[in-house]
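Here's upload.cif, which has mmCIF, C-alpha atoms and all ligand atoms:
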data_target
#
loop_
_atom_site.label_atom_id
_atom_site.label_comp_id
_atom_site.auth_asym_id
_atom_site.auth_seq_id
_atom_site.Cartn_x
_atom_site.Cartn_y
_atom_site.Cartn_z
CA MET L 769 -10.11 0.06 -31.06
CA THR L 770 -6.83 1.92 -30.53
CA VAL L 771 -5.10 1.49 -27.17
CA ILE L 772 -2.14 3.53 -25.97
CA VAL L 773 -0.10 1.58 -23.42
CA THR L 774 2.37 3.81 -21.59
CA GLY L 775 5.39 2.17 -19.98
CA GLY L 776 4.99 -0.80 -22.31
CA ALA L 777 8.72 -1.46 -22.51
CA GLY L 778 8.76 -2.28 -18.78
CA PHE L 779 7.76 -5.42 -16.90
CA ILE L 780 3.97 -5.35 -16.57
CA GLY L 781 3.31 -3.03 -19.52
CA SER L 782 5.09 -5.39 -21.95
CA ASN L 783 3.20 -8.38 -20.59
CA PHE L 784 -0.03 -6.39 -21.02
CA ILE L 785 0.87 -5.63 -24.65
CA PHE L 786 1.48 -9.35 -25.34
CA TYR L 787 -1.81 -10.24 -23.61
CA THR L 788 -3.78 -7.63 -25.57
CA LEU L 789 -2.33 -8.48 -28.98
CA LYS L 790 -3.02 -12.17 -28.33
CA ASN L 791 -6.55 -11.80 -26.96
CA HIS L 792 -7.74 -8.86 -29.08
CA PRO L 793 -6.09 -9.31 -32.48
CA GLY L 794 -8.34 -6.60 -33.92
CA TYR L 795 -6.97 -3.87 -31.63
CA ARG L 796 -4.23 -1.40 -32.56
CA VAL L 797 -1.72 -1.11 -29.73
CA ILE L 798 0.63 1.85 -29.41
CA CYS L 799 3.37 1.69 -26.80
CA LEU L 800 4.52 5.07 -25.48
CA ASP L 801 7.69 4.73 -23.43
CA LYS L 802 10.60 6.96 -22.51
CA LEU L 803 12.98 3.97 -22.28
CA THR L 804 14.41 4.85 -18.89
CA TYR L 805 16.84 2.40 -17.26
CA ALA L 806 13.77 0.15 -16.66
CA GLY L 807 12.52 0.16 -20.25
CA ASN L 808 14.00 -2.24 -22.74
CA LEU L 809 13.17 -2.29 -26.43
CA SER L 810 14.45 -5.85 -26.82
CA THR L 811 11.54 -6.94 -24.61
CA LEU L 812 9.17 -5.95 -27.43
CA LYS L 813 11.14 -7.57 -30.27
CA ASP L 814 8.53 -10.29 -30.94
CA VAL L 815 5.74 -7.76 -31.56
CA MET L 816 7.71 -4.92 -33.16
CA ASP L 817 6.88 -6.00 -36.73
CA LYS L 818 3.18 -6.61 -36.17
CA PRO L 819 1.10 -4.29 -38.39
CA ASN L 820 -1.24 -3.45 -35.48
CA PHE L 821 1.61 -2.50 -33.10
CA LYS L 822 3.66 0.67 -32.95
CA PHE L 823 6.38 1.88 -30.57
CA VAL L 824 6.79 5.59 -29.83
CA LYS L 825 9.65 6.85 -27.68
CA ALA L 826 8.42 9.77 -25.57
CA ASP L 827 8.19 11.06 -22.02
CA ILE L 828 4.67 11.15 -20.55
CA CYS L 829 5.60 14.51 -18.98
CA ASP L 830 6.26 16.00 -22.43
CA ARG L 831 2.88 17.64 -23.09
CA GLU L 832 3.68 18.57 -26.67
CA ALA L 833 4.78 15.05 -27.61
CA VAL L 834 1.81 13.45 -25.81
CA TYR L 835 -0.73 15.77 -27.46
CA ALA L 836 0.85 15.19 -30.89
CA LEU L 837 0.54 11.43 -30.41
CA PHE L 838 -3.11 11.70 -29.32
CA GLU L 839 -3.82 14.01 -32.27
CA SER L 840 -2.42 11.53 -34.80
CA GLU L 841 -3.57 8.25 -33.21
CA LYS L 842 -6.92 9.24 -31.65
CA PRO L 843 -6.79 6.54 -28.95
CA ASP L 844 -10.01 5.06 -27.58
CA VAL L 845 -8.28 3.83 -24.43
CA VAL L 846 -5.14 4.79 -22.51
CA VAL L 847 -3.61 2.42 -19.96
CA ASN L 848 -0.96 4.13 -17.85
CA PHE L 849 1.79 1.79 -16.66
CA ALA L 850 4.58 4.37 -17.10
CA ALA L 851 6.16 5.06 -13.75
CA GLU L 852 9.26 5.02 -11.67
CA SER L 853 8.52 1.81 -9.82
CA HIS L 854 11.29 0.89 -7.37
CA VAL L 855 10.81 1.81 -3.69
CA ASP L 856 14.57 1.73 -2.92
CA ARG L 857 15.31 4.21 -5.71
CA SER L 858 12.51 6.48 -4.47
CA ILE L 859 14.16 6.58 -1.05
CA GLU L 860 17.43 7.71 -2.69
CA SER L 861 15.90 10.31 -5.08
CA PRO L 862 12.19 11.12 -4.86
CA ASP L 863 12.14 13.91 -7.49
CA VAL L 864 11.82 11.80 -10.61
CA PHE L 865 9.04 9.80 -8.94
CA LEU L 866 7.01 12.94 -8.37
CA ARG L 867 7.64 14.11 -11.91
CA THR L 868 6.77 10.92 -13.80
CA ASN L 869 4.21 9.37 -11.47
CA ILE L 870 2.21 12.52 -10.72
CA ILE L 871 2.88 15.16 -13.40
CA GLY L 872 3.12 12.53 -16.13
CA ALA L 873 -0.24 11.03 -15.14
CA SER L 874 -1.83 14.49 -15.17
CA VAL L 875 -0.46 15.25 -18.66
CA LEU L 876 -1.97 11.99 -19.94
CA MET L 877 -5.32 12.81 -18.32
CA ASP L 878 -5.28 16.32 -19.84
CA ALA L 879 -4.67 14.71 -23.23
CA CYS L 880 -7.59 12.31 -22.64
CA ARG L 881 -9.84 15.28 -21.86
CA LYS L 882 -8.67 17.27 -24.86
CA PHE L 883 -9.09 14.39 -27.32
CA ASP L 884 -12.22 12.82 -25.75
CA THR L 885 -10.60 9.48 -24.98
CA GLU L 886 -13.21 6.95 -23.87
CA ARG L 887 -11.21 5.52 -21.00
CA PHE L 888 -8.15 6.40 -18.94
CA HIS L 889 -6.98 3.49 -16.82
CA GLN L 890 -4.47 4.21 -14.06
CA VAL L 891 -2.37 1.21 -13.03
CA SER L 892 -1.83 1.70 -9.32
CA THR L 893 -0.55 -0.39 -6.45
CA ASP L 894 -1.63 -1.82 -3.10
CA GLU L 895 1.26 0.19 -1.61
CA VAL L 896 -1.03 3.26 -1.54
CA TYR L 897 -2.71 1.68 1.52
CA GLY L 898 0.52 1.57 3.53
CA ASP L 899 1.01 -1.67 5.42
CA LEU L 900 -0.79 -4.12 7.70
CA PRO L 901 0.51 -5.66 10.93
CA ILE L 902 2.18 -9.06 10.54
CA ASP L 903 0.31 -10.46 13.58
CA ARG L 904 -3.17 -9.62 12.22
CA PRO L 905 -3.71 -12.07 9.36
CA ASP L 906 -7.44 -11.27 9.54
CA LEU L 907 -6.87 -7.75 8.11
CA PHE L 908 -6.83 -7.01 4.35
CA PHE L 909 -6.79 -3.95 2.09
CA THR L 910 -10.22 -3.21 0.61
CA GLU L 911 -11.03 -0.34 -1.75
CA GLU L 912 -12.35 1.54 1.32
CA THR L 913 -9.05 1.29 3.24
CA LEU L 914 -7.59 4.77 3.85
CA LEU L 915 -4.60 5.81 1.77
CA HIS L 916 -1.65 5.84 4.17
CA THR L 917 1.63 5.73 2.29
CA SER L 918 5.14 4.95 3.53
CA SER L 919 7.61 5.69 0.71
CA PRO L 920 8.07 8.47 -1.84
CA TYR L 921 7.10 5.84 -4.45
CA SER L 922 3.80 4.92 -2.83
CA SER L 923 3.04 8.57 -2.07
CA SER L 924 3.50 9.48 -5.72
CA LYS L 925 1.23 6.62 -6.81
CA ALA L 926 -1.43 7.65 -4.27
CA SER L 927 -1.23 11.23 -5.55
CA ALA L 928 -1.91 10.05 -9.10
CA ASP L 929 -4.90 8.01 -7.87
CA LEU L 930 -6.34 11.06 -6.15
CA LEU L 931 -5.81 13.16 -9.27
CA ALA L 932 -7.54 10.53 -11.42
CA LEU L 933 -10.56 10.49 -9.08
CA ALA L 934 -10.57 14.30 -9.09
CA TYR L 935 -10.49 14.40 -12.92
CA HIS L 936 -13.45 12.03 -12.92
CA ARG L 937 -15.48 14.12 -10.50
CA THR L 938 -14.51 17.57 -11.78
CA TYR L 939 -14.30 17.00 -15.53
CA GLY L 940 -16.26 13.77 -15.90
CA LEU L 941 -13.16 12.03 -17.27
CA PRO L 942 -13.97 8.31 -17.65
CA VAL L 943 -11.25 6.88 -15.41
CA THR L 944 -10.77 3.51 -13.76
CA ILE L 945 -8.04 2.62 -11.27
CA SER L 946 -6.61 -0.77 -10.34
CA ARG L 947 -4.48 -1.37 -7.25
CA CYS L 948 -2.53 -4.57 -7.59
CA SER L 949 -0.29 -6.51 -5.24
CA ASN L 950 3.32 -7.53 -6.09
CA ASN L 951 3.68 -9.08 -9.54
CA TYR L 952 6.23 -11.64 -10.70
CA GLY L 953 6.95 -13.29 -14.04
CA PRO L 954 8.94 -12.81 -17.28
CA TYR L 955 10.71 -9.48 -18.03
CA HIS L 956 10.74 -8.41 -14.36
CA PHE L 957 13.65 -5.98 -13.93
CA PRO L 958 16.40 -7.64 -11.85
CA GLU L 959 16.47 -4.91 -9.17
CA LYS L 960 13.24 -6.34 -7.68
CA LEU L 961 13.18 -9.16 -5.13
CA ILE L 962 12.36 -12.25 -7.23
CA PRO L 963 14.47 -11.61 -10.36
CA LEU L 964 17.34 -10.21 -8.27
CA MET L 965 17.45 -13.38 -6.17
CA ILE L 966 17.24 -15.62 -9.27
CA ALA L 967 20.07 -13.72 -11.00
CA ASN L 968 22.30 -13.66 -7.91
CA ALA L 969 21.69 -17.35 -7.17
CA LEU L 970 22.56 -18.28 -10.76
CA ASN L 971 25.78 -16.26 -10.42
CA ASP L 972 26.54 -17.74 -6.97
CA LYS L 973 26.42 -14.24 -5.47
CA PRO L 974 25.06 -13.44 -1.96
CA LEU L 975 21.27 -13.00 -1.74
CA PRO L 976 20.69 -9.74 0.20
CA VAL L 977 17.60 -10.15 2.39
CA TYR L 978 16.50 -6.95 4.16
CA GLY L 979 16.09 -7.19 7.94
CA ARG L 980 15.17 -10.76 8.90
CA GLY L 981 13.16 -11.45 5.74
CA GLU L 982 9.91 -11.53 7.67
CA ASN L 983 8.07 -8.89 5.66
CA ILE L 984 5.10 -10.25 3.75
CA ARG L 985 4.02 -9.53 0.17
CA ASP L 986 0.95 -10.84 -1.70
CA TRP L 987 2.34 -12.25 -4.99
CA LEU L 988 0.42 -12.41 -8.27
CA TYR L 989 1.58 -13.87 -11.59
CA VAL L 990 1.81 -10.98 -14.07
CA GLU L 991 -0.57 -12.52 -16.62
CA ASP L 992 -3.34 -12.62 -13.99
CA HIS L 993 -2.83 -8.89 -13.44
CA CYS L 994 -3.05 -8.25 -17.21
CA LYS L 995 -6.26 -10.24 -17.42
CA ALA L 996 -7.77 -8.24 -14.56
CA ILE L 997 -6.94 -4.91 -16.23
CA ASP L 998 -8.42 -6.15 -19.51
CA LEU L 999 -11.64 -7.08 -17.68
CA ILE L 1000 -11.80 -3.65 -16.04
CA LEU L 1001 -11.45 -2.04 -19.47
CA GLN L 1002 -14.27 -4.21 -20.86
CA LYS L 1003 -16.70 -4.30 -17.95
CA GLY L 1004 -15.46 -2.07 -15.12
CA ARG L 1005 -17.49 0.92 -13.92
CA VAL L 1006 -15.95 4.34 -14.52
CA GLY L 1007 -14.95 6.29 -11.45
CA GLU L 1008 -14.26 3.03 -9.60
CA VAL L 1009 -11.19 1.55 -7.93
CA TYR L 1010 -10.56 -2.22 -8.17
CA ASN L 1011 -8.10 -4.06 -5.93
CA ILE L 1012 -6.27 -6.96 -7.61
CA GLY L 1013 -4.58 -9.73 -5.64
CA GLY L 1014 -4.78 -13.43 -5.17
CA HIS L 1015 -4.52 -14.22 -1.43
CA ASN L 1016 -0.98 -15.44 -1.90
CA GLU L 1017 0.89 -13.96 1.05
CA MET L 1018 4.48 -15.03 1.56
CA ARG L 1019 7.43 -13.96 3.70
CA ASN L 1020 10.44 -12.74 1.72
CA ILE L 1021 12.72 -15.33 3.33
CA ASP L 1022 10.42 -18.15 2.21
CA ILE L 1023 10.42 -16.88 -1.37
CA VAL L 1024 14.21 -16.73 -1.35
CA LYS L 1025 14.44 -20.29 -0.01
CA ILE L 1026 12.04 -21.57 -2.69
CA ILE L 1027 14.19 -19.95 -5.41
CA LEU L 1028 17.37 -21.50 -4.00
CA LYS L 1029 15.75 -24.92 -3.76
CA GLU L 1030 14.39 -24.71 -7.30
CA LEU L 1031 17.87 -23.79 -8.61
CA GLY L 1032 19.69 -26.34 -6.46
CA LYS L 1033 21.74 -23.63 -4.73
CA PRO L 1034 22.72 -23.59 -1.01
CA GLU L 1035 20.92 -21.49 1.63
CA SER L 1036 24.37 -20.30 2.73
CA LEU L 1037 24.05 -17.73 -0.10
CA ILE L 1038 21.41 -15.89 1.98
CA THR L 1039 22.88 -12.74 3.56
CA PHE L 1040 20.82 -10.62 5.93
CA VAL L 1041 21.50 -6.94 5.28
CA ALA L 1042 20.34 -3.62 6.80
CA ASP L 1043 16.60 -3.12 6.54
CA ARG L 1044 14.93 -0.75 4.07
CA LYS L 1045 13.98 2.63 5.62
CA GLY L 1046 10.26 2.75 6.44
CA HIS L 1047 9.94 -0.88 5.27
CA ASP L 1048 6.25 -1.88 4.91
CA LEU L 1049 5.53 -4.98 6.99
CA ARG L 1050 2.73 -6.72 5.18
CA TYR L 1051 0.56 -6.23 2.09
CA ALA L 1052 -2.61 -8.27 1.61
CA ILE L 1053 -5.39 -7.60 -0.86
CA ASP L 1054 -9.07 -8.43 -0.48
CA PRO L 1055 -10.11 -9.02 -4.12
CA ALA L 1056 -13.85 -9.48 -3.33
CA LYS L 1057 -14.96 -6.49 -5.43
CA ILE L 1058 -13.29 -7.49 -8.71
CA HIS L 1059 -14.32 -11.10 -8.13
CA GLY L 1060 -17.94 -10.22 -7.38
CA GLU L 1061 -18.41 -7.55 -10.08
CA LEU L 1062 -16.23 -8.83 -12.91
CA GLY L 1063 -15.77 -12.52 -12.07
CA TRP L 1064 -11.96 -12.22 -11.91
CA LEU L 1065 -9.94 -14.85 -10.10
CA PRO L 1066 -6.20 -15.55 -10.35
CA GLU L 1067 -5.42 -18.61 -12.47
CA THR L 1068 -1.74 -19.27 -11.79
CA LYS L 1069 -0.81 -20.84 -8.45
CA PHE L 1070 2.43 -19.56 -6.95
CA ALA L 1071 4.02 -23.02 -7.08
CA ASP L 1072 3.51 -23.11 -10.85
CA GLY L 1073 4.16 -19.41 -11.49
CA ILE L 1074 7.53 -19.39 -9.75
CA LYS L 1075 8.64 -22.48 -11.71
CA LYS L 1076 7.58 -20.82 -14.99
CA THR L 1077 9.38 -17.62 -13.98
CA ILE L 1078 12.62 -19.38 -13.05
CA LYS L 1079 12.49 -21.34 -16.31
CA TRP L 1080 12.07 -18.07 -18.21
CA TYR L 1081 15.14 -16.53 -16.52
CA LEU L 1082 17.15 -19.68 -17.30
CA GLU L 1083 16.09 -19.62 -20.95
CA ASN L 1084 16.51 -15.85 -21.38
CA ARG L 1085 19.86 -15.26 -19.73
CA SER L 1086 20.97 -12.76 -22.37
CA TRP L 1087 17.98 -10.48 -21.55
CA TRP L 1088 18.94 -10.03 -17.90
CA GLU L 1089 22.69 -10.48 -18.24
CA GLU L 1090 22.81 -7.52 -20.57
CA ILE L 1091 20.92 -5.45 -17.97
CA ILE L 1092 23.07 -6.41 -15.01
CA SER L 1093 26.29 -5.75 -16.89
CA GLY L 1094 25.41 -2.13 -17.72
CA GLU L 1095 24.46 0.90 -15.61
CA TYR L 1096 22.93 -1.57 -13.14
CA THR L 1097 26.42 -2.40 -11.81
CA ASP L 1098 26.76 1.13 -10.35
CA TYR L 1099 23.27 0.93 -8.86
CA TYR L 1100 24.03 -2.45 -7.28
CA ASP L 1101 27.30 -1.25 -5.75
CA LYS L 1102 25.63 1.90 -4.38
CA MET L 1103 22.72 0.01 -2.83
CA TYR L 1104 24.39 -3.13 -1.56
CA SER L 1105 28.17 -2.78 -1.16
CA ASN L 1106 28.20 -1.28 2.36
CA ARG L 1107 24.80 -2.42 3.52
P1 LIG X 1201 8.91 -0.99 -14.65
O1 LIG X 1201 9.81 -0.12 -13.84
O2 LIG X 1201 9.36 -2.37 -15.03
O3 LIG X 1201 8.55 -0.24 -16.03
C1 LIG X 1201 8.23 1.12 -16.09
C2 LIG X 1201 8.23 1.54 -17.56
O4 LIG X 1201 7.83 2.92 -17.62
C3 LIG X 1201 9.61 1.44 -18.24
O5 LIG X 1201 9.48 0.88 -19.52
C4 LIG X 1201 10.06 2.90 -18.35
O6 LIG X 1201 10.91 3.15 -19.46
C5 LIG X 1201 8.72 3.63 -18.48
N1 LIG X 1201 8.78 5.02 -18.04
C6 LIG X 1201 9.31 5.50 -16.88
N2 LIG X 1201 9.21 6.84 -16.84
C7 LIG X 1201 8.59 7.22 -17.99
C8 LIG X 1201 8.19 8.47 -18.53
N3 LIG X 1201 8.43 9.61 -17.86
N4 LIG X 1201 7.57 8.50 -19.73
C9 LIG X 1201 7.34 7.35 -20.42
N5 LIG X 1201 7.71 6.14 -19.96
C10 LIG X 1201 8.34 6.07 -18.76
O7 LIG X 1201 7.54 -1.02 -13.86
P2 LIG X 1201 6.49 -2.22 -13.67
O8 LIG X 1201 6.91 -3.07 -12.55
O9 LIG X 1201 6.19 -2.80 -14.99
O10 LIG X 1201 5.22 -1.38 -13.17
C11 LIG X 1201 4.30 -0.83 -14.11
C12 LIG X 1201 3.20 -0.11 -13.37
O11 LIG X 1201 2.53 -1.00 -12.48
C13 LIG X 1201 3.72 1.03 -12.50
O12 LIG X 1201 2.81 2.11 -12.60
C14 LIG X 1201 3.70 0.46 -11.08
O13 LIG X 1201 3.49 1.46 -10.14
C15 LIG X 1201 2.53 -0.49 -11.16
N6 LIG X 1201 2.57 -1.67 -10.27
C16 LIG X 1201 3.67 -2.47 -10.25
C17 LIG X 1201 3.66 -3.61 -9.44
C18 LIG X 1201 4.83 -4.57 -9.44
O14 LIG X 1201 4.82 -5.54 -8.66
N7 LIG X 1201 5.84 -4.41 -10.28
C19 LIG X 1201 2.55 -3.91 -8.63
C20 LIG X 1201 1.45 -3.03 -8.68
C21 LIG X 1201 1.47 -1.93 -9.50
P1 LIG X 1202 10.49 -5.26 -4.08
O1 LIG X 1202 10.61 -6.33 -5.11
O2 LIG X 1202 11.39 -4.08 -4.14
O3 LIG X 1202 8.96 -4.82 -4.08
P2 LIG X 1202 8.14 -3.84 -3.04
O4 LIG X 1202 9.08 -3.23 -2.09
O5 LIG X 1202 7.55 -2.83 -3.96
O6 LIG X 1202 7.15 -4.74 -2.37
O7 LIG X 1202 10.68 -5.93 -2.65
C1 LIG X 1202 9.86 -6.97 -2.20
C2 LIG X 1202 10.24 -7.31 -0.78
O8 LIG X 1202 11.57 -7.85 -0.78
C3 LIG X 1202 10.30 -6.10 0.13
O9 LIG X 1202 9.83 -6.47 1.42
C4 LIG X 1202 11.77 -5.75 0.20
C5 LIG X 1202 12.46 -7.09 0.05
N1 LIG X 1202 13.78 -7.07 -0.63
C6 LIG X 1202 14.88 -7.69 -0.03
O10 LIG X 1202 14.78 -8.26 1.06
N2 LIG X 1202 16.07 -7.64 -0.69
C7 LIG X 1202 16.25 -7.00 -1.88
O11 LIG X 1202 17.40 -6.97 -2.42
C8 LIG X 1202 15.10 -6.40 -2.49
C9 LIG X 1202 15.22 -5.68 -3.80
C10 LIG X 1202 13.89 -6.45 -1.83
#

Could you write out this file's structure as structure tokens?
Ligand code: NAD
Ligand code: TYD
Amino acid sequence: MTVIVTGGAGFIGSNFIFYTLKNHPGYRVICLDKLTYAGNLSTLKDVMDKPNFKFVKADICDREAVYALFESEKPDVVVNFAAESHVDRSIESPDVFLRTNIIGASVLMDACRKFDTERFHQVSTDEVYGDLPIDRPDLFFTEETLLHTSSPYSSSKASADLLALAYHRTYGLPVTISRCSNNYGPYHFPEKLIPLMIANALNDKPLPVYGRGENIRDWLYVEDHCKAIDLILQKGRVGEVYNIGGHNEMRNIDIVKIILKELGKPESLITFVADRKGHDLRYAIDPAKIHGELGWLPETKFADGIKKTIKWYLENRSWWEEIISGEYTDYYDKMYSNR
């Protein structure tokens, strides 16, 4: 079995590569990644020398490079994690989101058609459903919920989902789609809420909470997401969408306070800043379908997962310190200095 994992030098893709190499030692895994600001080759250092792993630097929008890779590797399965993934960046500059997240996905699907790949799995997000009201805790996203996006990021992800379903119906391409809630865990890029707050707290810098911190996200430990995708590849039905989430809704402000407490830092570091434009209020997944059909349930409780994550950031300071000392400094100043 040969699996191409796109975006495998990023947060979830790298965790998926580790999960796959550990749980399916007989598979060949090829990581295709452009190494944008979010991709980091040092993340893959522990698997780089494995005989059944290969890294290929390429852009998923580069049709020639993608076809050449498919021609030489003949993948059985393609799992597409490659994306521009940060909502705030999509609000600043949508173009690259449309290019990578939509055009890139279509190039990969064309390659799957051309080379008869047995499965194309599109890694999507619960953000394609838009948001839910904070005062209606009885409402959840199901696979039937209408797509109703808020940001250029979520719109680009929804577009790719629609394309994948269209390729299935029109060309019979064997696609599956998963829509997961917010992940956290090792190798999470420090522009996102949890790693940003850990890094800032460790450096005694202000913790910028958007609005009043009352927005709710449904957090899932990254390994549980990887396990769910693996199950979909093994047992999922083609042409189907599977929501992934663990009923772990939390307000941003509560997450930030937990991080501060865990690190022994004062709440006076919390700084409320201007809200995100179009900020989604609440995400909440109903995972009944993947539980009922594939038997998936999350295994890591948030209380344990956040401790593991913080420990990882404490033990791997050089990984994130290198990131926040580079190009990230300009990004941080642009996004936060006059907020
Ligand atoms: P990330 O930003 O950490 O990593 C993205 C990776 O894709 C990087 O390695 C980057 O170099 C690569 N990439 C970007 N553009 C590329 C291109 N044109 N060609 C090849 N590679 C390219 O993202 P992540 O948080 O790991 O998210 C992975 C996927 O999961 C994304 O599709 C995202 O939409 C989805 N997702 C993320 C979350 C979350 O909480 N992070 C939740 C649900 C779904
Ligand atoms: P983020 O990690 O960017 O994920 P997403 O927007 O895709 O859910 O943000 C999670 C939540 O945290 C979101 O409600 C925005 C908020 N947030 C802050 O309050 N401050 C920050 O500096 C960041 C990056 C996010």

Check which residues of chain L sit at most 8 Å from ligand LIG 1202 (chain X) using all atoms listed in the file, and return one row each with the closest pair of atoms and their distance in Å to one decimal, ordered by chain and rising number, as a tab-separated table.
residue	atom	partner	partner_atom	distance
L:Ser853	CA	X:LIG1202	O5	7.5
L:His854	CA	X:LIG1202	O2	5.9
L:Val855	CA	X:LIG1202	O4	5.6
L:Asp856	CA	X:LIG1202	O2	6.7
L:Glu895	CA	X:LIG1202	O5	7.4
L:Asn950	CA	X:LIG1202	O6	6.0
L:Glu959	CA	X:LIG1202	C9	5.6
L:Lys960	CA	X:LIG1202	O1	3.7
L:Leu961	CA	X:LIG1202	O1	3.8
L:Ile962	CA	X:LIG1202	O1	6.5
L:Leu964	CA	X:LIG1202	O11	6.7
L:Met965	CA	X:LIG1202	O11	7.4
L:Leu975	CA	X:LIG1202	O11	7.2
L:Pro976	CA	X:LIG1202	O11	5.0
L:Val977	CA	X:LIG1202	O10	3.6
L:Tyr978	CA	X:LIG1202	O10	3.8
L:Gly979	CA	X:LIG1202	O10	7.1
L:Gly981	CA	X:LIG1202	O10	5.9
L:Asn983	CA	X:LIG1202	O9	5.2
L:Ile984	CA	X:LIG1202	O9	6.5
L:Arg985	CA	X:LIG1202	O6	6.3
L:Asn1020	CA	X:LIG1202	O8	5.6
L:Ile1021	CA	X:LIG1202	O10	7.7
L:Asp1043	CA	X:LIG1202	O10	7.7
L:Arg1044	CA	X:LIG1202	C4	7.1
L:His1047	CA	X:LIG1202	O9	6.8
L:Asp1048	CA	X:LIG1202	O9	6.8
L:Leu1049	CA	X:LIG1202	O9	7.2

What residues have any atom no more than 8 Å from ligand LIG 1201 (chain X) when counting only C-alpha atoms and all ligand atoms, and can you list them as a PyMOL selection string? chain L and resi 774-782+800-808+825-829+848-854+867-869+872+890-895+925+947-952+955-957

Would you output that residue set with C-alpha atoms, as a PDB file, in the coordinates of the input?
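And here's out_22.pdb as it stands now:
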ATOM      1  CA  THR L 774       2.370   3.810 -21.590  1.00  0.00           C
ATOM      2  CA  GLY L 775       5.390   2.170 -19.980  1.00  0.00           C
ATOM      3  CA  GLY L 776       4.990  -0.800 -22.310  1.00  0.00           C
ATOM      4  CA  ALA L 777       8.720  -1.460 -22.510  1.00  0.00           C
ATOM      5  CA  GLY L 778       8.760  -2.280 -18.780  1.00  0.00           C
ATOM      6  CA  PHE L 779       7.760  -5.420 -16.900  1.00  0.00           C
ATOM      7  CA  ILE L 780       3.970  -5.350 -16.570  1.00  0.00           C
ATOM      8  CA  GLY L 781       3.310  -3.030 -19.520  1.00  0.00           C
ATOM      9  CA  SER L 782       5.090  -5.390 -21.950  1.00  0.00           C
ATOM     10  CA  LEU L 800       4.520   5.070 -25.480  1.00  0.00           C
ATOM     11  CA  ASP L 801       7.690   4.730 -23.430  1.00  0.00           C
ATOM     12  CA  LYS L 802      10.600   6.960 -22.510  1.00  0.00           C
ATOM     13  CA  LEU L 803      12.980   3.970 -22.280  1.00  0.00           C
ATOM     14  CA  THR L 804      14.410   4.850 -18.890  1.00  0.00           C
ATOM     15  CA  TYR L 805      16.840   2.400 -17.260  1.00  0.00           C
ATOM     16  CA  ALA L 806      13.770   0.150 -16.660  1.00  0.00           C
ATOM     17  CA  GLY L 807      12.520   0.160 -20.250  1.00  0.00           C
ATOM     18  CA  ASN L 808      14.000  -2.240 -22.740  1.00  0.00           C
ATOM     19  CA  LYS L 825       9.650   6.850 -27.680  1.00  0.00           C
ATOM     20  CA  ALA L 826       8.420   9.770 -25.570  1.00  0.00           C
ATOM     21  CA  ASP L 827       8.190  11.060 -22.020  1.00  0.00           C
ATOM     22  CA  ILE L 828       4.670  11.150 -20.550  1.00  0.00           C
ATOM     23  CA  CYS L 829       5.600  14.510 -18.980  1.00  0.00           C
ATOM     24  CA  ASN L 848      -0.960   4.130 -17.850  1.00  0.00           C
ATOM     25  CA  PHE L 849       1.790   1.790 -16.660  1.00  0.00           C
ATOM     26  CA  ALA L 850       4.580   4.370 -17.100  1.00  0.00           C
ATOM     27  CA  ALA L 851       6.160   5.060 -13.750  1.00  0.00           C
ATOM     28  CA  GLU L 852       9.260   5.020 -11.670  1.00  0.00           C
ATOM     29  CA  SER L 853       8.520   1.810  -9.820  1.00  0.00           C
ATOM     30  CA  HIS L 854      11.290   0.890  -7.370  1.00  0.00           C
ATOM     31  CA  ARG L 867       7.640  14.110 -11.910  1.00  0.00           C
ATOM     32  CA  THR L 868       6.770  10.920 -13.800  1.00  0.00           C
ATOM     33  CA  ASN L 869       4.210   9.370 -11.470  1.00  0.00           C
ATOM     34  CA  GLY L 872       3.120  12.530 -16.130  1.00  0.00           C
ATOM     35  CA  GLN L 890      -4.470   4.210 -14.060  1.00  0.00           C
ATOM     36  CA  VAL L 891      -2.370   1.210 -13.030  1.00  0.00           C
ATOM     37  CA  SER L 892      -1.830   1.700  -9.320  1.00  0.00           C
ATOM     38  CA  THR L 893      -0.550  -0.390  -6.450  1.00  0.00           C
ATOM     39  CA  ASP L 894      -1.630  -1.820  -3.100  1.00  0.00           C
ATOM     40  CA  GLU L 895       1.260   0.190  -1.610  1.00  0.00           C
ATOM     41  CA  LYS L 925       1.230   6.620  -6.810  1.00  0.00           C
ATOM     42  CA  ARG L 947      -4.480  -1.370  -7.250  1.00  0.00           C
ATOM     43  CA  CYS L 948      -2.530  -4.570  -7.590  1.00  0.00           C
ATOM     44  CA  SER L 949      -0.290  -6.510  -5.240  1.00  0.00           C
ATOM     45  CA  ASN L 950       3.320  -7.530  -6.090  1.00  0.00           C
ATOM     46  CA  ASN L 951       3.680  -9.080  -9.540  1.00  0.00           C
ATOM     47  CA  TYR L 952       6.230 -11.640 -10.700  1.00  0.00           C
ATOM     48  CA  TYR L 955      10.710  -9.480 -18.030  1.00  0.00           C
ATOM     49  CA  HIS L 956      10.740  -8.410 -14.360  1.00  0.00           C
ATOM     50  CA  PHE L 957      13.650  -5.980 -13.930  1.00  0.00           C
TER      51      PHE L 957
END

In Å, with one decimal, what is the gap from atom CA of Ile997 of chain L to atom CA of Tyr835 of chain L? 24.3 Å

Draw an axis-aligned box over all listed atoms of segment 1015-1028 of chain L, pad each side with 5 Å, and write its centre and edge lengths in Å, one decimal, as AutoDock Vina command-line options.
--center_x 6.4 --center_y -17.2 --center_z -0.9 --size_x 31.9 --size_y 18.8 --size_z 19.1

Rounded to one decimal, what separation in Å do you get between atom CA of Trp1064 of chain L and atom CA of Ile1000 of chain L?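 Pair atom CA of Trp1064 of chain L / atom CA of Ile1000 of chain L returns 9.5 Å.
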